[in-house]
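Undergrad: Sharing input-v8.pdb, PDB, C-alpha atoms:
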```
ATOM      1  CA  MET A 134      31.836   6.305   0.349
ATOM      2  CA  ALA A 135      30.338   8.303  -2.456
ATOM      3  CA  ALA A 136      26.673   7.667  -1.731
ATOM      4  CA  HIS A 137      24.922  10.757  -2.913
ATOM      5  CA  ALA A 138      21.318  10.276  -1.840
ATOM      6  CA  ILE A 139      18.656   7.968  -0.474
ATOM      7  CA  HIS A 140      17.556   6.173  -3.635
ATOM      8  CA  HIS A 141      14.461   4.642  -2.058
ATOM      9  CA  VAL A 142      12.921   3.201   1.071
ATOM     10  CA  GLY A 143      11.619  -0.365   0.823
ATOM     11  CA  VAL A 144       8.336  -1.234   2.514
ATOM     12  CA  VAL A 145       6.774  -4.694   2.828
ATOM     13  CA  VAL A 146       2.982  -4.734   2.427
ATOM     14  CA  GLU A 147       0.370  -7.471   2.465
ATOM     15  CA  LYS A 148      -1.169  -6.739  -0.946
ATOM     16  CA  LEU A 149       0.354  -4.563  -3.626
ATOM     17  CA  GLU A 150      -2.623  -2.821  -5.244
ATOM     18  CA  PRO A 151      -4.299  -1.589  -2.044
ATOM     19  CA  ALA A 152      -0.901  -0.356  -0.865
ATOM     20  CA  VAL A 153      -0.312   1.595  -4.064
ATOM     21  CA  GLU A 154      -3.782   3.113  -3.701
ATOM     22  CA  THR A 155      -3.075   4.093  -0.089
ATOM     23  CA  TYR A 156       0.119   5.910  -1.070
ATOM     24  CA  GLU A 157      -1.678   7.623  -3.968
ATOM     25  CA  ARG A 158      -4.535   8.705  -1.745
ATOM     26  CA  LEU A 159      -2.594   9.820   1.330
ATOM     27  CA  PHE A 160       0.577  11.164  -0.230
ATOM     28  CA  GLY A 161      -0.278  11.812  -3.870
ATOM     29  CA  ALA A 162       2.214   9.141  -4.904
ATOM     30  CA  LYS A 163       2.702   8.391  -8.617
ATOM     31  CA  VAL A 164       3.508   4.892  -9.799
ATOM     32  CA  GLU A 165       6.908   4.868 -11.482
ATOM     33  CA  LEU A 166       7.336   1.144 -12.204
ATOM     34  CA  ARG A 167       5.742  -2.189 -11.379
ATOM     35  CA  ARG A 168       7.386  -5.567 -11.450
ATOM     36  CA  SER A 169       6.430  -9.104 -10.599
ATOM     37  CA  VAL A 170       9.274 -11.469  -9.786
ATOM     38  CA  GLU A 171       7.754 -14.921  -9.942
ATOM     39  CA  GLY A 172      10.932 -16.766  -9.109
ATOM     40  CA  MET A 173      11.468 -14.689  -5.984
ATOM     41  CA  GLY A 174       7.887 -14.933  -4.757
ATOM     42  CA  PHE A 175       7.050 -11.248  -4.617
ATOM     43  CA  GLU A 176       5.825  -8.303  -6.645
ATOM     44  CA  ALA A 177       6.746  -4.670  -6.244
ATOM     45  CA  ALA A 178       5.878  -1.155  -7.275
ATOM     46  CA  SER A 179       8.107   1.869  -7.162
ATOM     47  CA  VAL A 180       6.063   4.945  -6.276
ATOM     48  CA  LEU A 181       7.238   8.541  -6.219
ATOM     49  CA  VAL A 182       6.223  10.852  -3.385
ATOM     50  CA  GLY A 183       7.474  14.068  -4.919
ATOM     51  CA  ASP A 184      11.104  13.245  -5.691
ATOM     52  CA  GLY A 185      11.168  10.637  -2.938
ATOM     53  CA  ARG A 186      10.833   7.004  -3.892
ATOM     54  CA  VAL A 187       9.120   4.224  -1.945
ATOM     55  CA  GLU A 188       9.381   0.619  -3.094
ATOM     56  CA  LEU A 189       6.283  -1.304  -2.069
ATOM     57  CA  ILE A 190       6.898  -5.061  -1.932
ATOM     58  CA  ALA A 191       4.239  -7.743  -1.470
ATOM     59  CA  PRO A 192       4.744 -11.493  -1.247
ATOM     60  CA  THR A 193       3.086 -13.664  -3.880
ATOM     61  CA  ASP A 194       4.371 -16.759  -2.052
ATOM     62  CA  SER A 195       4.144 -16.936   1.740
ATOM     63  CA  GLU A 196       7.279 -19.115   1.782
ATOM     64  CA  SER A 197       9.413 -16.430   0.097
ATOM     65  CA  VAL A 198      11.864 -14.197   1.960
ATOM     66  CA  ILE A 199       9.318 -11.384   1.805
ATOM     67  CA  GLY A 200       6.548 -13.736   2.941
ATOM     68  CA  HIS A 201       8.622 -14.712   5.940
ATOM     69  CA  PHE A 202       9.404 -11.077   6.746
ATOM     70  CA  LEU A 203       5.695 -10.260   6.649
ATOM     71  CA  GLU A 204       4.833 -13.205   8.868
ATOM     72  CA  HIS A 205       7.474 -12.443  11.486
ATOM     73  CA  ARG A 206       7.615  -8.647  11.489
ATOM     74  CA  GLY A 207       4.307  -7.580  10.002
ATOM     75  CA  PRO A 208       4.004  -4.948   7.289
ATOM     76  CA  GLY A 209       6.357  -1.991   7.489
ATOM     77  CA  LEU A 210       9.780  -0.629   6.695
ATOM     78  CA  HIS A 211      12.092  -3.237   5.182
ATOM     79  CA  HIS A 212      15.238  -1.574   3.823
ATOM     80  CA  VAL A 213      16.879   1.675   2.814
ATOM     81  CA  ALA A 214      18.760   2.088  -0.447
ATOM     82  CA  TYR A 215      21.545   4.539  -1.177
ATOM     83  CA  ALA A 216      22.450   5.740  -4.645
ATOM     84  CA  VAL A 217      26.171   5.343  -5.306
ATOM     85  CA  ASP A 218      28.370   6.275  -8.242
ATOM     86  CA  ASP A 219      30.704   3.286  -8.141
ATOM     87  CA  ILE A 220      28.978   0.280  -6.635
ATOM     88  CA  ARG A 221      31.999  -2.029  -6.934
ATOM     89  CA  ALA A 222      34.240   0.423  -5.098
ATOM     90  CA  GLU A 223      31.632   0.817  -2.365
ATOM     91  CA  LEU A 224      31.272  -2.933  -1.957
ATOM     92  CA  ALA A 225      35.058  -3.288  -1.689
ATOM     93  CA  HIS A 226      35.096  -0.539   0.937
ATOM     94  CA  LEU A 227      32.298  -2.160   2.935
ATOM     95  CA  LYS A 228      33.976  -5.554   2.784
ATOM     96  CA  ALA A 229      37.269  -4.051   3.949
ATOM     97  CA  GLU A 230      35.381  -2.523   6.879
ATOM     98  CA  GLY A 231      34.107  -5.961   7.832
ATOM     99  CA  ALA A 232      30.517  -5.550   6.689
ATOM    100  CA  GLU A 233      28.697  -8.729   5.680
ATOM    101  CA  LEU A 234      27.631  -8.427   2.054
ATOM    102  CA  ILE A 235      24.536 -10.313   0.944
ATOM    103  CA  ASP A 236      25.627  -9.628  -2.631
ATOM    104  CA  GLU A 237      29.396  -9.747  -3.032
ATOM    105  CA  GLU A 238      28.951  -8.687  -6.639
ATOM    106  CA  PRO A 239      26.310  -6.314  -7.977
ATOM    107  CA  ARG A 240      23.276  -7.950  -9.532
ATOM    108  CA  GLU A 241      20.372  -6.621 -11.508
ATOM    109  CA  GLY A 242      17.710  -5.227  -9.220
ATOM    110  CA  LEU A 243      13.964  -5.123  -9.645
ATOM    111  CA  PHE A 244      13.975  -2.035 -11.737
ATOM    112  CA  GLY A 245      17.027  -2.609 -13.912
ATOM    113  CA  HIS A 246      19.739  -0.937 -11.821
ATOM    114  CA  GLU A 247      22.792  -2.737 -10.534
ATOM    115  CA  ILE A 248      22.198  -3.292  -6.835
ATOM    116  CA  ALA A 249      23.712  -5.064  -3.840
ATOM    117  CA  PHE A 250      22.435  -5.647  -0.323
ATOM    118  CA  VAL A 251      24.395  -5.342   2.919
ATOM    119  CA  HIS A 252      23.295  -7.550   5.816
ATOM    120  CA  HIS A 253      21.217  -5.771   8.433
ATOM    121  CA  GLU A 254      23.436  -7.021  11.234
ATOM    122  CA  SER A 255      26.336  -5.055   9.765
ATOM    123  CA  VAL A 256      24.309  -1.832   9.742
ATOM    124  CA  LEU A 257      22.760  -1.787  13.215
ATOM    125  CA  GLY A 258      19.673  -3.710  12.217
ATOM    126  CA  VAL A 259      18.999  -1.837   8.971
ATOM    127  CA  LEU A 260      18.994  -3.906   5.784
ATOM    128  CA  SER A 261      20.854  -1.556   3.446
ATOM    129  CA  GLU A 262      21.042  -1.580  -0.327
ATOM    130  CA  LEU A 263      23.382   0.113  -2.744
ATOM    131  CA  VAL A 264      21.981   1.189  -6.102
ATOM    132  CA  ALA A 265      24.355   2.071  -8.930
ATOM    133  CA  SER A 266      23.263   5.372 -10.329
ATOM    134  CA  GLY A 267      26.525   6.647 -11.765
TER     135      GLY A 267
ATOM    136  CA  MET B  45      -0.247  16.123  -1.328
ATOM    137  CA  ALA B  46       2.693  18.321  -2.053
ATOM    138  CA  ALA B  47       5.385  16.198  -0.456
ATOM    139  CA  HIS B  48       8.468  16.863  -2.476
ATOM    140  CA  ALA B  49      11.065  14.469  -1.116
ATOM    141  CA  ILE B  50      12.062  12.034   1.585
ATOM    142  CA  HIS B  51      13.351  14.366   4.286
ATOM    143  CA  HIS B  52      14.954  11.604   6.340
ATOM    144  CA  VAL B  53      14.738   8.031   7.492
ATOM    145  CA  GLY B  54      14.612   7.455  11.251
ATOM    146  CA  VAL B  55      16.579   4.580  12.751
ATOM    147  CA  VAL B  56      16.529   3.403  16.364
ATOM    148  CA  VAL B  57      19.907   2.334  17.707
ATOM    149  CA  GLU B  58      21.143   1.085  21.058
ATOM    150  CA  LYS B  59      23.850   3.696  21.626
ATOM    151  CA  LEU B  60      24.209   6.936  19.712
ATOM    152  CA  GLU B  61      27.965   7.445  19.427
ATOM    153  CA  PRO B  62      28.853   3.966  18.116
ATOM    154  CA  ALA B  63      25.994   4.269  15.629
ATOM    155  CA  VAL B  64      27.262   7.613  14.345
ATOM    156  CA  GLU B  65      30.727   6.080  14.000
ATOM    157  CA  THR B  66      29.312   3.107  12.071
ATOM    158  CA  TYR B  67      27.555   5.376   9.590
ATOM    159  CA  GLU B  68      30.684   7.509   9.218
ATOM    160  CA  ARG B  69      32.869   4.470   8.649
ATOM    161  CA  LEU B  70      30.605   2.468   6.325
ATOM    162  CA  PHE B  71      28.860   5.224   4.393
ATOM    163  CA  GLY B  72      31.026   8.302   4.864
ATOM    164  CA  ALA B  73      28.192   9.966   6.758
ATOM    165  CA  LYS B  74      28.683  13.497   8.097
ATOM    166  CA  VAL B  75      27.044  14.614  11.321
ATOM    167  CA  GLU B  76      24.633  17.464  10.626
ATOM    168  CA  LEU B  77      23.073  17.977  14.056
ATOM    169  CA  ARG B  78      22.902  16.307  17.461
ATOM    170  CA  ARG B  79      20.246  16.721  20.073
ATOM    171  CA  SER B  80      19.450  15.270  23.449
ATOM    172  CA  VAL B  81      15.826  15.417  24.543
ATOM    173  CA  GLU B  82      15.891  14.706  28.257
ATOM    174  CA  GLY B  83      12.153  14.966  28.757
ATOM    175  CA  MET B  84      11.482  12.467  25.971
ATOM    176  CA  GLY B  85      14.108   9.954  27.079
ATOM    177  CA  PHE B  86      16.176   9.834  23.926
ATOM    178  CA  GLU B  87      19.009  11.468  22.059
ATOM    179  CA  ALA B  88      19.459  11.766  18.308
ATOM    180  CA  ALA B  89      21.884  12.676  15.574
ATOM    181  CA  SER B  90      21.059  13.669  12.052
ATOM    182  CA  VAL B  91      23.722  12.343   9.686
ATOM    183  CA  LEU B  92      24.042  13.042   5.976
ATOM    184  CA  VAL B  93      24.884  10.246   3.550
ATOM    185  CA  GLY B  94      25.488  12.412   0.524
ATOM    186  CA  ASP B  95      22.275  14.421   0.285
ATOM    187  CA  GLY B  96      20.364  11.689   2.071
ATOM    188  CA  ARG B  97      19.599  12.133   5.738
ATOM    189  CA  VAL B  98      19.401   9.449   8.429
ATOM    190  CA  GLU B  99      18.178  10.307  11.912
ATOM    191  CA  LEU B 100      19.814   8.020  14.458
ATOM    192  CA  ILE B 101      17.805   7.813  17.693
ATOM    193  CA  ALA B 102      18.945   6.149  20.920
ATOM    194  CA  PRO B 103      17.010   5.824  24.164
ATOM    195  CA  THR B 104      18.477   7.442  27.268
ATOM    196  CA  ASP B 105      15.615   5.984  29.314
ATOM    197  CA  SER B 106      14.522   2.391  28.738
ATOM    198  CA  GLU B 107      10.958   3.356  29.729
ATOM    199  CA  SER B 108      10.669   5.939  26.933
ATOM    200  CA  VAL B 109       8.778   5.343  23.683
ATOM    201  CA  ILE B 110      12.103   4.751  21.944
ATOM    202  CA  GLY B 111      13.254   2.459  24.740
ATOM    203  CA  HIS B 112      10.114   0.388  24.330
ATOM    204  CA  PHE B 113      10.551   0.250  20.557
ATOM    205  CA  LEU B 114      14.112  -0.998  21.023
ATOM    206  CA  GLU B 115      13.028  -3.611  23.539
ATOM    207  CA  HIS B 116      10.186  -4.973  21.417
ATOM    208  CA  ARG B 117      11.492  -4.589  17.859
ATOM    209  CA  GLY B 118      15.238  -4.379  18.263
ATOM    210  CA  PRO B 119      17.386  -1.771  16.522
ATOM    211  CA  GLY B 120      16.400  -0.835  12.997
ATOM    212  CA  LEU B 121      14.202   1.324  10.812
ATOM    213  CA  HIS B 122      11.695   3.369  12.796
ATOM    214  CA  HIS B 123      10.027   5.963  10.539
ATOM    215  CA  VAL B 124      10.174   7.788   7.238
ATOM    216  CA  ALA B 125       9.737  11.546   6.962
ATOM    217  CA  TYR B 126       8.498  13.485   3.958
ATOM    218  CA  ALA B 127       9.283  17.121   3.311
ATOM    219  CA  VAL B 128       6.108  19.099   2.618
ATOM    220  CA  ASP B 129       5.504  22.730   1.692
ATOM    221  CA  ASP B 130       2.310  23.276   3.682
ATOM    222  CA  ILE B 131       2.191  20.970   6.685
ATOM    223  CA  ARG B 132      -1.225  22.200   7.904
ATOM    224  CA  ALA B 133      -2.839  21.561   4.529
ATOM    225  CA  GLU B 134      -1.307  18.079   4.412
ATOM    226  CA  LEU B 135      -2.545  17.259   7.907
ATOM    227  CA  ALA B 136      -6.050  18.422   6.954
ATOM    228  CA  HIS B 137      -5.884  16.242   3.833
ATOM    229  CA  LEU B 138      -4.705  13.202   5.785
ATOM    230  CA  LYS B 139      -7.399  13.694   8.423
ATOM    231  CA  ALA B 140     -10.059  14.004   5.723
ATOM    232  CA  GLU B 141      -8.783  10.718   4.285
ATOM    233  CA  GLY B 142      -9.293   9.056   7.660
ATOM    234  CA  ALA B 143      -5.646   8.778   8.684
ATOM    235  CA  GLU B 144      -4.945   8.750  12.409
ATOM    236  CA  LEU B 145      -2.733  11.717  13.251
ATOM    237  CA  ILE B 146      -0.415  11.406  16.230
ATOM    238  CA  ASP B 147       0.050  15.174  16.029
ATOM    239  CA  GLU B 148      -3.129  16.967  15.002
ATOM    240  CA  GLU B 149      -1.179  20.207  14.969
ATOM    241  CA  PRO B 150       2.429  20.632  13.911
ATOM    242  CA  ARG B 151       4.938  20.780  16.728
ATOM    243  CA  GLU B 152       8.608  21.625  16.862
ATOM    244  CA  GLY B 153      10.701  18.610  15.947
ATOM    245  CA  LEU B 154      14.111  17.602  17.148
ATOM    246  CA  PHE B 155      15.961  19.803  14.754
ATOM    247  CA  GLY B 156      13.788  22.903  14.764
ATOM    248  CA  HIS B 157      11.413  22.146  11.896
ATOM    249  CA  GLU B 158       7.655  21.969  12.301
ATOM    250  CA  ILE B 159       6.770  18.284  12.199
ATOM    251  CA  ALA B 160       3.832  15.937  12.697
ATOM    252  CA  PHE B 161       3.580  12.165  12.882
ATOM    253  CA  VAL B 162       0.952   9.956  11.255
ATOM    254  CA  HIS B 163       0.142   6.689  13.025
ATOM    255  CA  HIS B 164       1.771   3.636  11.494
ATOM    256  CA  GLU B 165      -1.528   1.782  11.324
ATOM    257  CA  SER B 166      -2.832   4.395   8.890
ATOM    258  CA  VAL B 167       0.166   3.924   6.580
ATOM    259  CA  LEU B 168       0.402   0.139   6.291
ATOM    260  CA  GLY B 169       2.686  -0.267   9.266
ATOM    261  CA  VAL B 170       5.017   2.621   8.461
ATOM    262  CA  LEU B 171       5.263   5.369  11.051
ATOM    263  CA  SER B 172       5.296   8.439   8.795
ATOM    264  CA  GLU B 173       6.338  11.983   9.572
ATOM    265  CA  LEU B 174       5.714  15.250   7.780
ATOM    266  CA  VAL B 175       8.429  17.898   7.983
ATOM    267  CA  ALA B 176       7.614  21.470   7.020
ATOM    268  CA  SER B 177      10.265  22.634   4.639
ATOM    269  CA  GLY B 178       8.335  25.326   2.766
TER     270      GLY B 178
END
```
In structure tokens, what does this structure look like?
TA:
Amino acid sequence: MAAHAIHHVGVVVEKLEPAVETYERLFGAKVELRRSVEGMGFEAASVLVGDGRVELIAPTDSESVIGHFLEHRGPGLHHVAYAVDDIRAELAHLKAEGAELIDEEPREGLFGHEIAFVHHESVLGVLSELVASG
Amino acid sequence: MAAHAIHHVGVVVEKLEPAVETYERLFGAKVELRRSVEGMGFEAASVLVGDGRVELIAPTDSESVIGHFLEHRGPGLHHVAYAVDDIRAELAHLKAEGAELIDEEPREGLFGHEIAFVHHESVLGVLSELVASG
């Protein structure tokens, strides 16, 4: 695996704007990008805490995947994303190791990168994302 | 706030050695440090995924804080830690902003840094840690 960094940590919140303000106020976070994904039932903001990146995700539809996560788990940590140089090679490696891929092929993520998710049950309960950054 | 990066992501696992092996196998992780904290009822390993750091934490006592987390939440993401230059100044800032500090004063963390935790209810459900790296 050629992951070279934690690309971001994903956090599910109840409401996006108050969450962004909390990260600005407590941690001096700077908004990098915002995105609303109507079809998926959530909106998100990528905020930078220094060079660290936190993706804040809020449901806009309580019946969405994120809405269900919020209902069942409450707000909090949702996933961790690793930056990788060759996302297709990493996915092939993970599949060969028996990991369950949510995305067998990379798809466009919220913020324009190619991304793919690995099922949390294959990573000890941690929903894990690969982000192509090569 | 002068946080300058995500220092690590903390993950609670059932057993430490199989978890380390899973991260090695799936993500090419390299063990940086290991530590058993008898008095606290857990053991931990810091593993590097590229430059990213994941702290794997396993209870050695089911009645410990980590044992209770595992029982109630299952294995998975536990906390996120930010590297800061001046941990005392950041704690004073967070306190002034009304955040509930688990550690009012920095204490020695697992791997020798000065650290302090901020209560998850003050950070939208995310247990957050400061790590002095200045």
Undergrad: Taking the file as shown, what set of residues would the PyMOL selection byres ((chain B) within 8 of (chain A)) give back, as a PyMOL selection string?
TA: chain B and resi 45-50+55+57+63+66-67+69-72+93-97+118-123+126+137-138+141+167-170
Undergrad: If you measure from atom CA of B:Ile159 to atom CA of B:Ala136, what distance in Å do you get, rounded to one decimal?
TA: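 These two atoms are separated by 13.9 Å.
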Undergrad: Which residues are near A:Ala177? Cut-off 7 Å, only C-alpha atoms, ignore same chain within fewer than 4 positions. Put them as JSON, numbers by chain.
TA: {"A": [149, 167, 168, 169, 188, 189, 190, 191]}
Undergrad: Have a look at atom CA of B:Phe155 and atom CA of B:His116 and let me know their distance in Å, one decimal.
TA: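 It comes out at 26.3 Å.
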Undergrad: Evaluate the PyMOL selection byres ((chain A and resi 247) around 9) against this structure - the residues, as a PDB file with C-alpha atoms, keeping the file's coordinate frame, please.
TA:
```pdb
ATOM      1  CA  ILE A 220      28.978   0.280  -6.635  1.00  0.00           C
ATOM      2  CA  PRO A 239      26.310  -6.314  -7.977  1.00  0.00           C
ATOM      3  CA  ARG A 240      23.276  -7.950  -9.532  1.00  0.00           C
ATOM      4  CA  GLU A 241      20.372  -6.621 -11.508  1.00  0.00           C
ATOM      5  CA  GLY A 242      17.710  -5.227  -9.220  1.00  0.00           C
ATOM      6  CA  PHE A 244      13.975  -2.035 -11.737  1.00  0.00           C
ATOM      7  CA  GLY A 245      17.027  -2.609 -13.912  1.00  0.00           C
ATOM      8  CA  HIS A 246      19.739  -0.937 -11.821  1.00  0.00           C
ATOM      9  CA  ILE A 248      22.198  -3.292  -6.835  1.00  0.00           C
ATOM     10  CA  ALA A 249      23.712  -5.064  -3.840  1.00  0.00           C
ATOM     11  CA  LEU A 263      23.382   0.113  -2.744  1.00  0.00           C
ATOM     12  CA  VAL A 264      21.981   1.189  -6.102  1.00  0.00           C
ATOM     13  CA  ALA A 265      24.355   2.071  -8.930  1.00  0.00           C
ATOM     14  CA  SER A 266      23.263   5.372 -10.329  1.00  0.00           C
TER      15      SER A 266
END
```
Undergrad: Enter the distance from atom CA of A:Pro192 to atom CA of A:Glu165, in Å, rounded to one decimal.
TA: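 About the pair atom CA of A:Pro192 and atom CA of A:Glu165: they are 19.4 Å apart.
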Undergrad: So that I can check the surroundings of stretch 104-106 of chain B, please list as a ChimeraX atom specification every protein, DNA and RNA residue that reaches within 7 Å of it, counting only C-alpha atoms and ignoring chain neighbours fewer than 3 positions away.
TA: /B:85-87,111-112
Undergrad: Taking into account all atoms listed in the file, which residue in the set B:Leu154, B:Glu115, B:Asp147, B:Asp129 is nearest to B:Ser90?
TA: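 The answer is B:Leu154, which sits nearest to B:Ser90.
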Undergrad: List as a VMD selection string the protein and nucleic acid residues near B:Ile146, meaning an atom at most 6 Å away when only C-alpha atoms are counted, but skip any in the same chain fewer than 2 places from it.
TA: chain B and resid 161 to 163
